[in-house]
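Structure file structure.cif with mmCIF, C-alpha atoms and all ligand atoms:
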data_upload
loop_
_atom_site.label_atom_id
_atom_site.label_comp_id
_atom_site.auth_asym_id
_atom_site.auth_seq_id
_atom_site.Cartn_x
_atom_site.Cartn_y
_atom_site.Cartn_z
CA MET A 10 17.59 -8.46 -5.51
CA ALA A 11 15.89 -7.80 -8.87
CA ASN A 12 13.14 -5.23 -9.16
CA ILE A 13 9.64 -6.71 -9.44
CA LEU A 14 8.03 -3.31 -10.13
CA GLU A 15 9.47 -0.17 -11.69
CA ILE A 16 7.42 2.99 -11.80
CA ASN A 17 8.67 5.86 -13.96
CA ASN A 18 7.31 9.41 -13.74
CA LEU A 19 3.78 8.36 -12.79
CA THR A 20 1.25 11.18 -12.70
CA VAL A 21 -2.37 10.64 -11.63
CA HIS A 22 -5.05 13.33 -11.84
CA PHE A 23 -8.65 13.61 -10.65
CA PRO A 24 -10.42 16.30 -12.74
CA ILE A 25 -13.24 17.75 -10.59
CA ASN A 26 -15.54 20.75 -10.92
CA ILE A 27 -13.17 23.17 -9.16
CA GLY A 28 -10.02 22.06 -11.01
CA THR A 29 -7.67 19.10 -11.18
CA VAL A 30 -6.46 17.20 -8.12
CA ARG A 31 -2.82 16.28 -8.70
CA ALA A 32 -2.95 13.15 -6.56
CA VAL A 33 0.36 11.62 -7.70
CA ASP A 34 2.87 13.98 -9.28
CA ASP A 35 5.69 12.54 -11.37
CA VAL A 36 6.63 9.71 -8.99
CA SER A 37 9.41 7.25 -9.86
CA TRP A 38 9.72 4.24 -7.59
CA GLN A 39 11.18 0.72 -7.58
CA LEU A 40 10.18 -2.33 -5.61
CA ARG A 41 12.57 -5.23 -5.02
CA GLU A 42 11.39 -8.81 -5.28
CA GLY A 43 10.64 -10.31 -1.84
CA GLU A 44 10.75 -7.08 0.17
CA VAL A 45 8.17 -5.40 2.36
CA MET A 46 7.92 -1.75 1.37
CA GLY A 47 6.14 0.57 3.78
CA LEU A 48 4.37 3.44 2.02
CA VAL A 49 3.61 6.14 4.58
CA GLY A 50 2.31 9.69 4.83
CA GLU A 51 -0.66 11.74 5.99
CA SER A 52 -4.16 11.23 4.58
CA GLY A 53 -4.38 12.63 1.07
CA CYS A 54 -0.64 12.33 0.35
CA GLY A 55 -1.26 9.99 -2.60
CA LYS A 56 -0.21 6.66 -1.08
CA SER A 57 -3.52 4.82 -1.64
CA THR A 58 -3.91 6.40 -5.10
CA LEU A 59 -0.49 5.01 -5.97
CA GLY A 60 -1.57 1.54 -4.71
CA PHE A 61 -4.81 1.61 -6.70
CA SER A 62 -2.95 2.85 -9.81
CA ILE A 63 -0.69 -0.21 -9.76
CA LEU A 64 -3.76 -2.40 -10.29
CA ARG A 65 -5.43 0.19 -12.59
CA LEU A 66 -8.31 0.29 -10.12
CA LEU A 67 -8.69 4.07 -9.93
CA ARG A 68 -12.29 5.15 -9.58
CA PRO A 69 -13.46 7.74 -12.17
CA PRO A 70 -12.64 10.55 -12.59
CA GLY A 71 -9.15 9.35 -11.52
CA GLU A 72 -6.82 8.78 -14.46
CA ILE A 73 -3.18 8.02 -15.11
CA VAL A 74 -2.13 10.93 -17.29
CA SER A 75 1.48 9.91 -17.85
CA GLY A 76 4.21 7.52 -16.79
CA GLN A 77 5.02 3.83 -16.95
CA MET A 78 4.69 0.95 -14.47
CA PHE A 79 6.73 -2.10 -15.44
CA PHE A 80 5.77 -5.31 -13.67
CA GLN A 81 7.95 -8.25 -14.73
CA GLY A 82 8.82 -6.34 -17.90
CA ARG A 83 5.25 -5.46 -18.96
CA ASP A 84 3.95 -1.88 -18.73
CA ILE A 85 0.73 -1.98 -16.67
CA VAL A 86 -0.27 1.49 -17.93
CA ARG A 87 -0.54 0.16 -21.47
CA MET A 88 -2.20 -3.20 -20.70
CA GLY A 89 -5.61 -3.97 -22.21
CA GLU A 90 -8.55 -5.17 -20.08
CA LYS A 91 -7.90 -8.85 -20.86
CA GLU A 92 -4.28 -8.67 -19.75
CA LEU A 93 -5.31 -6.72 -16.64
CA LEU A 94 -7.72 -9.51 -15.67
CA GLY A 95 -4.80 -11.93 -15.73
CA LEU A 96 -2.76 -9.53 -13.60
CA ARG A 97 -5.31 -8.68 -10.92
CA GLY A 98 -5.54 -11.34 -8.25
CA ARG A 99 -3.29 -13.80 -10.07
CA LYS A 100 -0.06 -11.76 -10.04
CA ILE A 101 -0.87 -8.71 -7.94
CA ALA A 102 -3.51 -8.80 -5.20
CA MET A 103 -4.84 -6.14 -2.86
CA ILE A 104 -6.45 -6.08 0.56
CA PHE A 105 -8.43 -3.11 1.81
CA GLN A 106 -9.11 -1.25 5.06
CA ASP A 107 -12.47 -2.67 5.99
CA PRO A 108 -13.04 -6.37 5.32
CA LEU A 109 -16.75 -6.13 6.12
CA THR A 110 -17.37 -3.92 3.10
CA SER A 111 -15.18 -6.15 0.90
CA LEU A 112 -17.03 -9.38 1.71
CA ASN A 113 -20.54 -10.02 0.36
CA PRO A 114 -22.85 -10.44 3.40
CA LEU A 115 -25.07 -12.85 1.40
CA PHE A 116 -22.21 -15.24 0.53
CA ARG A 117 -20.71 -17.86 2.84
CA ILE A 118 -16.93 -17.78 3.11
CA ASP A 119 -16.53 -20.89 0.92
CA GLN A 120 -18.53 -19.16 -1.84
CA HIS A 121 -16.12 -16.20 -1.77
CA TYR A 122 -13.15 -18.57 -2.19
CA LEU A 123 -14.82 -20.66 -4.91
CA GLU A 124 -15.86 -17.59 -6.90
CA THR A 125 -12.30 -16.17 -6.73
CA MET A 126 -10.76 -19.44 -7.91
CA PHE A 127 -13.32 -20.24 -10.63
CA THR A 128 -13.09 -16.69 -12.08
CA HIS A 129 -9.44 -17.38 -12.86
CA ASP A 130 -9.65 -21.13 -13.65
CA ARG A 131 -12.91 -22.46 -15.06
CA HIS A 132 -11.49 -26.00 -15.31
CA LEU A 133 -10.80 -26.35 -11.58
CA LYS A 134 -12.83 -29.12 -9.88
CA LYS A 135 -15.01 -27.99 -6.97
CA GLU A 136 -13.48 -30.50 -4.52
CA GLN A 137 -9.94 -29.36 -5.47
CA ALA A 138 -10.93 -25.73 -4.93
CA LEU A 139 -12.51 -26.50 -1.55
CA GLU A 140 -9.40 -28.40 -0.46
CA LYS A 141 -7.30 -25.36 -1.38
CA ALA A 142 -9.63 -23.09 0.60
CA ARG A 143 -9.47 -25.42 3.64
CA SER A 144 -5.70 -25.49 3.56
CA MET A 145 -5.57 -21.68 3.20
CA LEU A 146 -7.76 -21.26 6.29
CA GLU A 147 -5.42 -23.57 8.21
CA SER A 148 -2.44 -21.39 7.17
CA LEU A 149 -4.37 -18.41 8.53
CA GLY A 150 -5.00 -20.12 11.88
CA ILE A 151 -8.75 -20.44 11.24
CA SER A 152 -10.67 -23.71 11.49
CA PRO A 153 -11.75 -24.86 7.98
CA ASP A 154 -15.27 -25.37 9.44
CA ARG A 155 -15.68 -21.58 9.33
CA LEU A 156 -15.89 -21.83 5.52
CA LEU A 157 -19.58 -22.56 5.98
CA GLU A 158 -20.23 -19.34 7.89
CA TYR A 159 -21.27 -15.88 6.71
CA PRO A 160 -19.07 -12.76 7.15
CA HIS A 161 -21.21 -11.38 10.01
CA GLN A 162 -20.55 -14.55 12.05
CA LEU A 163 -16.80 -13.82 12.18
CA SER A 164 -14.85 -11.29 14.25
CA GLY A 165 -13.15 -8.27 12.59
CA GLY A 166 -9.71 -9.89 12.87
CA MET A 167 -10.98 -13.15 11.36
CA ARG A 168 -12.63 -11.29 8.47
CA GLN A 169 -9.34 -9.52 7.71
CA ARG A 170 -7.56 -12.90 7.74
CA ILE A 171 -10.24 -14.28 5.38
CA MET A 172 -9.54 -11.33 3.07
CA ILE A 173 -5.82 -11.95 3.06
CA GLY A 174 -6.51 -15.63 2.30
CA LEU A 175 -8.68 -14.57 -0.66
CA ALA A 176 -5.87 -12.32 -1.84
CA LEU A 177 -3.31 -15.15 -1.61
CA ILE A 178 -5.39 -18.07 -2.88
CA LEU A 179 -4.17 -17.52 -6.46
CA ASN A 180 -0.51 -17.29 -5.38
CA PRO A 181 0.20 -13.68 -6.42
CA GLN A 182 3.77 -12.40 -6.32
CA LEU A 183 2.87 -8.92 -5.08
CA LEU A 184 0.41 -8.02 -2.33
CA ILE A 185 -0.76 -4.43 -1.82
CA ALA A 186 -2.15 -3.99 1.69
CA ASP A 187 -4.01 -0.68 1.96
CA GLU A 188 -4.28 0.30 5.64
CA PRO A 189 -5.16 -3.33 6.50
CA THR A 190 -5.29 -2.81 10.26
CA THR A 191 -7.36 0.39 10.46
CA ALA A 192 -10.54 -1.46 11.49
CA LEU A 193 -8.77 -3.68 14.07
CA ASP A 194 -8.10 -3.12 17.76
CA VAL A 195 -4.46 -2.98 18.87
CA ILE A 196 -4.21 -6.61 20.05
CA VAL A 197 -5.74 -8.03 16.86
CA GLU A 198 -3.64 -5.56 14.85
CA ALA A 199 -0.42 -6.95 16.37
CA GLN A 200 -1.56 -10.54 15.66
CA PHE A 201 -2.45 -9.60 12.09
CA LEU A 202 0.96 -8.02 11.45
CA ASP A 203 2.67 -11.16 12.84
CA LEU A 204 0.56 -13.26 10.47
CA LEU A 205 1.45 -11.00 7.53
CA ALA A 206 5.17 -11.41 8.31
CA HIS A 207 4.73 -15.19 8.50
CA LEU A 208 2.76 -15.35 5.21
CA GLN A 209 5.31 -13.17 3.47
CA LYS A 210 7.96 -15.83 4.11
CA GLN A 211 5.65 -18.79 3.46
CA PHE A 212 4.44 -17.46 0.09
CA ASN A 213 7.66 -15.61 -0.84
CA LEU A 214 5.65 -12.43 -1.28
CA THR A 215 6.59 -8.88 -2.09
CA ILE A 216 4.38 -6.57 -0.05
CA ILE A 217 3.49 -2.89 -0.27
CA LEU A 218 2.16 -1.92 3.16
CA ILE A 219 0.25 1.36 2.86
CA THR A 220 -0.27 2.97 6.24
CA HIS A 221 -0.17 6.21 8.22
CA ASN A 222 0.97 4.19 11.24
CA LEU A 223 4.76 4.32 11.54
CA GLY A 224 4.63 1.61 14.25
CA ASN A 225 3.28 -0.87 11.68
CA VAL A 226 6.05 -0.19 9.19
CA ALA A 227 8.71 -0.27 11.91
CA GLN A 228 7.57 -3.82 12.72
CA LEU A 229 7.36 -5.18 9.18
CA ALA A 230 9.02 -3.11 6.48
CA ASP A 231 12.46 -3.65 4.93
CA ARG A 232 12.32 -0.24 3.27
CA ILE A 233 10.09 2.79 3.71
CA THR A 234 8.86 5.39 1.23
CA VAL A 235 7.51 8.62 2.68
CA MET A 236 5.03 10.52 0.49
CA TYR A 237 3.87 14.10 0.83
CA GLY A 238 1.41 16.04 -1.32
CA GLY A 239 1.48 13.47 -4.15
CA ASN A 240 5.29 13.44 -4.24
CA MET A 241 7.89 11.05 -2.94
CA ALA A 242 9.79 12.84 -0.16
CA GLU A 243 12.21 10.13 0.98
CA MET A 244 12.96 6.43 0.58
CA ALA A 245 15.48 4.34 2.52
CA GLU A 246 15.99 1.12 4.52
CA ALA A 247 13.56 1.10 7.45
CA GLY A 248 16.36 1.28 10.05
CA ALA A 249 17.92 4.26 8.26
CA ILE A 250 14.62 6.16 8.14
CA PHE A 251 14.13 5.80 11.89
CA ALA A 252 17.80 6.34 12.86
CA ASN A 253 18.60 9.15 10.44
CA PRO A 254 15.55 10.75 8.78
CA MET A 255 16.80 13.30 6.25
CA HIS A 256 13.81 15.02 4.67
CA PRO A 257 12.33 17.71 6.95
CA TYR A 258 8.87 16.13 6.50
CA THR A 259 10.12 12.69 7.59
CA ARG A 260 11.79 14.33 10.59
CA GLY A 261 8.54 16.10 11.46
CA LEU A 262 6.53 12.88 11.15
CA LEU A 263 8.88 10.97 13.43
CA SER A 264 9.13 13.70 16.03
CA SER A 265 5.34 13.88 16.31
CA ILE A 266 5.19 10.28 17.62
CA PRO A 267 4.82 10.33 21.41
CA ASN A 268 7.82 8.75 23.17
CA ILE A 269 7.21 7.44 26.69
CA LYS A 270 10.97 7.33 27.35
CA LEU A 271 11.31 11.10 26.89
CA ASP A 272 10.11 13.71 29.34
CA GLN A 273 7.93 15.61 26.84
CA PRO A 274 5.47 17.95 28.54
CA LYS A 275 3.99 18.79 25.12
CA LEU A 276 3.49 16.61 22.04
CA GLN A 277 5.47 17.85 19.03
CA THR A 278 3.29 18.77 16.07
CA MET A 279 3.91 19.93 12.53
CA PRO A 280 2.55 23.41 11.81
CA GLY A 281 0.06 23.89 8.99
CA SER A 282 -1.95 21.31 7.11
CA PRO A 283 -1.49 19.14 4.00
CA PRO A 284 -1.49 21.06 0.70
CA ASP A 285 -4.51 21.72 -1.48
CA LEU A 286 -3.71 19.42 -4.41
CA VAL A 287 -5.90 21.43 -6.78
CA ASN A 288 -3.62 24.43 -6.24
CA PRO A 289 -0.42 22.92 -4.82
CA PRO A 290 2.29 25.34 -3.65
CA PRO A 291 4.93 26.07 -6.31
CA GLY A 292 8.44 24.65 -5.89
CA CYS A 293 8.71 22.14 -3.05
CA VAL A 294 5.16 21.21 -2.08
CA PHE A 295 6.24 21.05 1.60
CA HIS A 296 7.72 24.58 1.73
CA PRO A 297 4.79 26.34 3.50
CA ARG A 298 5.29 23.97 6.48
CA CYS A 299 9.02 23.43 6.31
CA PRO A 300 11.15 24.90 9.12
CA ARG A 301 14.18 24.92 6.80
CA ALA A 302 12.65 26.38 3.63
CA MET A 303 14.97 28.51 1.50
CA ASP A 304 14.28 30.87 -1.44
CA ILE A 305 14.85 28.14 -4.05
CA CYS A 306 12.26 25.90 -2.32
CA ARG A 307 9.50 28.40 -3.13
CA THR A 308 10.11 28.33 -6.89
CA ARG A 309 11.76 25.05 -7.93
CA LYS A 310 10.70 21.48 -7.26
CA PRO A 311 13.61 19.49 -5.74
CA PRO A 312 14.76 16.38 -7.64
CA ALA A 313 15.16 13.08 -5.79
CA VAL A 314 18.88 12.47 -5.14
CA GLU A 315 20.86 9.66 -3.50
CA LYS A 316 22.48 10.68 -0.23
CA ASP A 317 23.98 8.26 2.33
CA GLY A 318 21.74 5.40 1.17
CA HIS A 319 18.58 7.56 1.15
CA LEU A 320 16.72 8.79 -1.90
CA VAL A 321 15.61 12.24 -0.82
CA ALA A 322 13.79 15.04 -2.64
CA CYS A 323 14.97 18.18 -0.85
CA TRP A 324 17.18 21.11 -1.86
CA LEU A 325 19.19 20.69 1.37
CA PHE A 326 20.82 17.63 -0.26
CA SER A 327 21.00 18.62 -3.94
FE1 LIG A 401 12.11 22.09 3.11
FE2 LIG A 401 13.18 23.15 0.95
FE3 LIG A 401 13.72 20.65 1.56
FE4 LIG A 401 11.31 21.35 0.70
S1 LIG A 401 13.21 21.44 -0.46
S2 LIG A 401 11.77 20.01 2.39
S3 LIG A 401 11.06 23.34 1.63
S4 LIG A 401 14.28 22.46 2.74
#
Write out the structure in this file as structure tokens.
Ligand code: SF4
Amino acid sequence: MANILEINNLTVHFPINIGTVRAVDDVSWQLREGEVMGLVGESGCGKSTLGFSILRLLRPPGEIVSGQMFFQGRDIVRMGEKELLGLRGRKIAMIFQDPLTSLNPLFRIDQHYLETMFTHDRHLKKEQALEKARSMLESLGISPDRLLEYPHQLSGGMRQRIMIGLALILNPQLLIADEPTTALDVIVEAQFLDLLAHLQKQFNLTIILITHNLGNVAQLADRITVMYGGNMAEMAEAGAIFANPMHPYTRGLLSSIPNIKLDQPKLQTMPGSPPDLVNPPPGCVFHPRCPRAMDICRTRKPPAVEKDGHLVACWLFS
């Protein structure tokens, strides 16, 4: 499969009054066309910042300080505003955690769809646009009559489906889903993930699924990238990550999931807390919490190397 997105040495900083937050630190990453890539890690590990950077939607003072992001051969980092407008929504779309804050409470659902379509195609006829919106709602398992309702009249799960419909109405090739199930209960969450899997095939989508929930990625992802402290720790096929996690952080993450099949009197936890990204630890950013840290880990940052089908940034494998 060809790569749809290639990120080289991306670094994103947030200068604040007490210093500079190194939110994404020299990350290189490739995405294959048609795959679902799970992007996982604890809060503050840089996964959402990476997602927002791909659409150049970082809020100030966030800035891309170096690196390249090639999407279909064009470097997003160097695109002007006009080219970005053609990219956002039309080629790459994003859905967010809380649909209620993404939908305008004063607009009916049909107005959201019409505005999205007319922003990108001023020559579209209103009846054509409405027909497209109706057919999208049908694909989402929602009656087209709901187009005439306001966001507050819909359930949380329906609002998230409306959001995904808005993201897909312009037929993008890449969908970035940033913690899309956080605001949903577990039943609706499972239904939403089933729908996402179905839409991925129907629309031939490439998806980046950003989540801290390993259960979600286990269900959907072809490959998984684990981030820690603004760095990529490990990337591999989803099955390989779960069967044979290599990076000590990935191992720690997986062992802290409760397993009802095991007789575990105590839940496993990882000692310590995520690093301060204004003053990150030298060397491997995970070393203060790593049970296998060596002298070299405290002074030199490990490069990402290929090992048994995994890309892993750890001195144990270099
Ligand atoms: Fe642990 Fe060292 Fe590997 Fe970092 S490089 S994960 S500190 S063993």
Dump as a Markdown table the rows for residues of stretch 30-140 of chain A within 9 Å of stretch 153-171 of chain A: closest atom pair and distance in Å with one decimal, all atoms listed in the file counted, ordered by chain and rising residue number.
| residue | atom | partner | partner_atom | distance |
| --- | --- | --- | --- | --- |
| A:Ile104 | CA | A:Gln169 | CA | 8.4 |
| A:Phe105 | CA | A:Gln169 | CA | 8.8 |
| A:Gln106 | CA | A:Gln169 | CA | 8.7 |
| A:Asp107 | CA | A:Gln169 | CA | 7.7 |
| A:Pro108 | CA | A:Gln169 | CA | 5.4 |
| A:Leu109 | CA | A:Arg168 | CA | 7.0 |
| A:Leu112 | CA | A:Pro160 | CA | 6.7 |
| A:Asn113 | CA | A:Pro160 | CA | 7.5 |
| A:Pro114 | CA | A:Pro160 | CA | 5.8 |
| A:Leu115 | CA | A:Tyr159 | CA | 7.2 |
| A:Phe116 | CA | A:Tyr159 | CA | 6.3 |
| A:Arg117 | CA | A:Tyr159 | CA | 4.4 |
| A:Ile118 | CA | A:Leu156 | CA | 4.8 |
| A:Asp119 | CA | A:Leu156 | CA | 4.7 |
| A:Gln120 | CA | A:Leu156 | CA | 8.3 |
| A:Tyr122 | CA | A:Leu156 | CA | 8.8 |
Query raised in the report: Distance atom CA of A:Arg68-atom CA of A:Leu40, one decimal place?
Result: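 Interatomic distance, atom CA of A:Arg68 to atom CA of A:Leu40: 24.0 Å.
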Requested in this report: Select the residues contacting ligand LIG 401 (chain A) at a distance of at most 12 Å, based on all atoms listed in the file, then format the selection as a ChimeraX atom specification.
Outcome: /A:236-238,240-243,254-261,290-314,321-327
With C-alpha atoms retained, export the selected residues as a PDB file, in the frame of the given file.
ATOM      1  CA  MET A 236       5.030  10.520   0.490  1.00  0.00           C
ATOM      2  CA  TYR A 237       3.870  14.100   0.830  1.00  0.00           C
ATOM      3  CA  GLY A 238       1.410  16.040  -1.320  1.00  0.00           C
ATOM      4  CA  ASN A 240       5.290  13.440  -4.240  1.00  0.00           C
ATOM      5  CA  MET A 241       7.890  11.050  -2.940  1.00  0.00           C
ATOM      6  CA  ALA A 242       9.790  12.840  -0.160  1.00  0.00           C
ATOM      7  CA  GLU A 243      12.210  10.130   0.980  1.00  0.00           C
ATOM      8  CA  PRO A 254      15.550  10.750   8.780  1.00  0.00           C
ATOM      9  CA  MET A 255      16.800  13.300   6.250  1.00  0.00           C
ATOM     10  CA  HIS A 256      13.810  15.020   4.670  1.00  0.00           C
ATOM     11  CA  PRO A 257      12.330  17.710   6.950  1.00  0.00           C
ATOM     12  CA  TYR A 258       8.870  16.130   6.500  1.00  0.00           C
ATOM     13  CA  THR A 259      10.120  12.690   7.590  1.00  0.00           C
ATOM     14  CA  ARG A 260      11.790  14.330  10.590  1.00  0.00           C
ATOM     15  CA  GLY A 261       8.540  16.100  11.460  1.00  0.00           C
ATOM     16  CA  PRO A 290       2.290  25.340  -3.650  1.00  0.00           C
ATOM     17  CA  PRO A 291       4.930  26.070  -6.310  1.00  0.00           C
ATOM     18  CA  GLY A 292       8.440  24.650  -5.890  1.00  0.00           C
ATOM     19  CA  CYS A 293       8.710  22.140  -3.050  1.00  0.00           C
ATOM     20  CA  VAL A 294       5.160  21.210  -2.080  1.00  0.00           C
ATOM     21  CA  PHE A 295       6.240  21.050   1.600  1.00  0.00           C
ATOM     22  CA  HIS A 296       7.720  24.580   1.730  1.00  0.00           C
ATOM     23  CA  PRO A 297       4.790  26.340   3.500  1.00  0.00           C
ATOM     24  CA  ARG A 298       5.290  23.970   6.480  1.00  0.00           C
ATOM     25  CA  CYS A 299       9.020  23.430   6.310  1.00  0.00           C
ATOM     26  CA  PRO A 300      11.150  24.900   9.120  1.00  0.00           C
ATOM     27  CA  ARG A 301      14.180  24.920   6.800  1.00  0.00           C
ATOM     28  CA  ALA A 302      12.650  26.380   3.630  1.00  0.00           C
ATOM     29  CA  MET A 303      14.970  28.510   1.500  1.00  0.00           C
ATOM     30  CA  ASP A 304      14.280  30.870  -1.440  1.00  0.00           C
ATOM     31  CA  ILE A 305      14.850  28.140  -4.050  1.00  0.00           C
ATOM     32  CA  CYS A 306      12.260  25.900  -2.320  1.00  0.00           C
ATOM     33  CA  ARG A 307       9.500  28.400  -3.130  1.00  0.00           C
ATOM     34  CA  THR A 308      10.110  28.330  -6.890  1.00  0.00           C
ATOM     35  CA  ARG A 309      11.760  25.050  -7.930  1.00  0.00           C
ATOM     36  CA  LYS A 310      10.700  21.480  -7.260  1.00  0.00           C
ATOM     37  CA  PRO A 311      13.610  19.490  -5.740  1.00  0.00           C
ATOM     38  CA  PRO A 312      14.760  16.380  -7.640  1.00  0.00           C
ATOM     39  CA  ALA A 313      15.160  13.080  -5.790  1.00  0.00           C
ATOM     40  CA  VAL A 314      18.880  12.470  -5.140  1.00  0.00           C
ATOM     41  CA  VAL A 321      15.610  12.240  -0.820  1.00  0.00           C
ATOM     42  CA  ALA A 322      13.790  15.040  -2.640  1.00  0.00           C
ATOM     43  CA  CYS A 323      14.970  18.180  -0.850  1.00  0.00           C
ATOM     44  CA  TRP A 324      17.180  21.110  -1.860  1.00  0.00           C
ATOM     45  CA  LEU A 325      19.190  20.690   1.370  1.00  0.00           C
ATOM     46  CA  PHE A 326      20.820  17.630  -0.260  1.00  0.00           C
ATOM     47  CA  SER A 327      21.000  18.620  -3.940  1.00  0.00           C
TER      48      SER A 327
END
Requested in this report: Measure the distance from atom CA of A:Ile63 to atom CA of A:Met78 in Å and round it to one decimal.
Outcome: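 We find that atom CA of A:Ile63 and atom CA of A:Met78 lie 7.2 Å from each other.
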Report summary line: Using only C-alpha atoms, the shortest atom-to-atom distance to A:Pro70 among A:Leu214, A:Val30, A:Val197, A:Ala102 belongs to A:Val30
Please, which residues are within 10 Å of (15.7, -2.7, -3.2) by the file's coordinates, counting all atoms listed in the file, and could they come as a compact mmCIF listing (two decimals) with C-alpha atoms, keeping the file's coordinate frame?
# COMPACT_ATOMS: atom_id res chain seq x y z
CA MET A 10 17.59 -8.46 -5.51
CA ALA A 11 15.89 -7.80 -8.87
CA ASN A 12 13.14 -5.23 -9.16
CA ILE A 13 9.64 -6.71 -9.44
CA GLN A 39 11.18 0.72 -7.58
CA LEU A 40 10.18 -2.33 -5.61
CA ARG A 41 12.57 -5.23 -5.02
CA GLU A 42 11.39 -8.81 -5.28
CA GLY A 43 10.64 -10.31 -1.84
CA GLU A 44 10.75 -7.08 0.17
CA VAL A 45 8.17 -5.40 2.36
CA MET A 46 7.92 -1.75 1.37
CA ASP A 231 12.46 -3.65 4.93
CA ARG A 232 12.32 -0.24 3.27
CA ALA A 245 15.48 4.34 2.52
CA GLU A 246 15.99 1.12 4.52
Query - 7 Å contact set for A:Arg31, all atoms listed in the file, chain neighbours under 4 positions out, as a ChimeraX atom specification - result: /A:21-23,239,286-287
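Separating atom CA of A:Ile173 from atom CA of A:Phe212 is a distance of 12.0 Å.
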Which protein, DNA or RNA residues are at most 6 Å from (11.8, 2.9, 8.0) in the file's coordinates when you count all atoms listed in the file, listed as a PDB file with C-alpha atoms, in the frame of the given file?
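File written: part-v4.pdb
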ATOM      1  CA  ALA A 227       8.710  -0.270  11.910  1.00  0.00           C
ATOM      2  CA  ARG A 232      12.320  -0.240   3.270  1.00  0.00           C
ATOM      3  CA  ILE A 233      10.090   2.790   3.710  1.00  0.00           C
ATOM      4  CA  GLU A 246      15.990   1.120   4.520  1.00  0.00           C
ATOM      5  CA  ALA A 247      13.560   1.100   7.450  1.00  0.00           C
ATOM      6  CA  GLY A 248      16.360   1.280  10.050  1.00  0.00           C
ATOM      7  CA  ILE A 250      14.620   6.160   8.140  1.00  0.00           C
ATOM      8  CA  PHE A 251      14.130   5.800  11.890  1.00  0.00           C
TER       9      PHE A 251
END
Report task. Write out as a ChimeraX atom specification which residues come within 9 Å of A:Pro267 when counting all atoms listed in the file, dropping same-chain ones fewer than 4 positions away. Result -> /A:263,271,273,276-277
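When all atoms listed in the file are used to measure the gap to A:Glu315, the shortest distance among A:Ile266, A:Leu179, A:Met88, A:Met244 belongs to A:Met244.
Restricting the calculation to all atoms listed in the file, the smallest distance between A:Trp38 and any of A:Leu320, A:Ile85, A:Leu66, A:Leu177 is found for A:Leu320.
The closest residue to A:Asn213, picked from A:Lys270, A:Arg87, A:Pro181, A:Leu19 and counting all atoms listed in the file, is A:Pro181.
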Report task. For each of A:Ala142, A:Leu183, A:Leu205, A:Ile216, take the minimum atom-to-atom distance to A:Gln81, counting all atoms listed in the file, then give the residue where this is smallest. Result -> A:Leu183
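The closest residue to A:Gly47, picked from A:Ser62, A:Asn222, A:Thr20, A:Asn253 and counting all atoms listed in the file, is A:Asn222.
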List the neighbours of A:Gly60 out to 8 Å using all atoms listed in the file; skip same-chain residues closer than 2 positions along the sequence, and give me the result as a compact mmCIF listing (two decimals) with C-alpha atoms, in the frame of the given file.
# COMPACT_ATOMS: atom_id res chain seq x y z
CA LYS A 56 -0.21 6.66 -1.08
CA SER A 57 -3.52 4.82 -1.64
CA THR A 58 -3.91 6.40 -5.10
CA SER A 62 -2.95 2.85 -9.81
CA ILE A 63 -0.69 -0.21 -9.76
CA LEU A 64 -3.76 -2.40 -10.29
CA ILE A 185 -0.76 -4.43 -1.82
CA ASP A 187 -4.01 -0.68 1.96
CA ILE A 219 0.25 1.36 2.86
Incomplete stretch 267-273 of chain A brought to N, CA, C and O atoms, written out as an mmCIF file, in the frame of the given file:
data_model
loop_
_atom_site.group_PDB
_atom_site.id
_atom_site.type_symbol
_atom_site.label_atom_id
_atom_site.label_comp_id
_atom_site.auth_asym_id
_atom_site.auth_seq_id
_atom_site.Cartn_x
_atom_site.Cartn_y
_atom_site.Cartn_z
ATOM 1 N N PRO A 267 4.525 10.214 19.987
ATOM 2 C CA PRO A 267 4.820 10.330 21.410
ATOM 3 C C PRO A 267 5.839 9.282 21.854
ATOM 4 O O PRO A 267 5.794 8.142 21.387
ATOM 5 N N ASN A 268 6.789 9.681 22.702
ATOM 6 C CA ASN A 268 7.820 8.750 23.170
ATOM 7 C C ASN A 268 7.764 8.696 24.693
ATOM 8 O O ASN A 268 8.050 9.685 25.370
ATOM 9 N N ILE A 269 7.392 7.517 25.237
ATOM 10 C CA ILE A 269 7.210 7.440 26.690
ATOM 11 C C ILE A 269 8.538 7.493 27.436
ATOM 12 O O ILE A 269 8.586 7.717 28.628
ATOM 13 N N LYS A 270 9.661 7.284 26.696
ATOM 14 C CA LYS A 270 10.970 7.330 27.350
ATOM 15 C C LYS A 270 11.451 8.766 27.552
ATOM 16 O O LYS A 270 12.365 9.030 28.305
ATOM 17 N N LEU A 271 10.864 9.709 26.777
ATOM 18 C CA LEU A 271 11.310 11.100 26.890
ATOM 19 C C LEU A 271 10.355 11.886 27.785
ATOM 20 O O LEU A 271 9.154 11.622 27.806
ATOM 21 N N ASP A 272 10.931 12.849 28.506
ATOM 22 C CA ASP A 272 10.110 13.710 29.340
ATOM 23 C C ASP A 272 9.596 14.856 28.458
ATOM 24 O O ASP A 272 10.223 15.906 28.350
ATOM 25 N N GLN A 273 8.465 14.598 27.759
ATOM 26 C CA GLN A 273 7.930 15.610 26.840
ATOM 27 C C GLN A 273 6.652 16.195 27.420
ATOM 28 O O GLN A 273 5.604 15.536 27.370
#
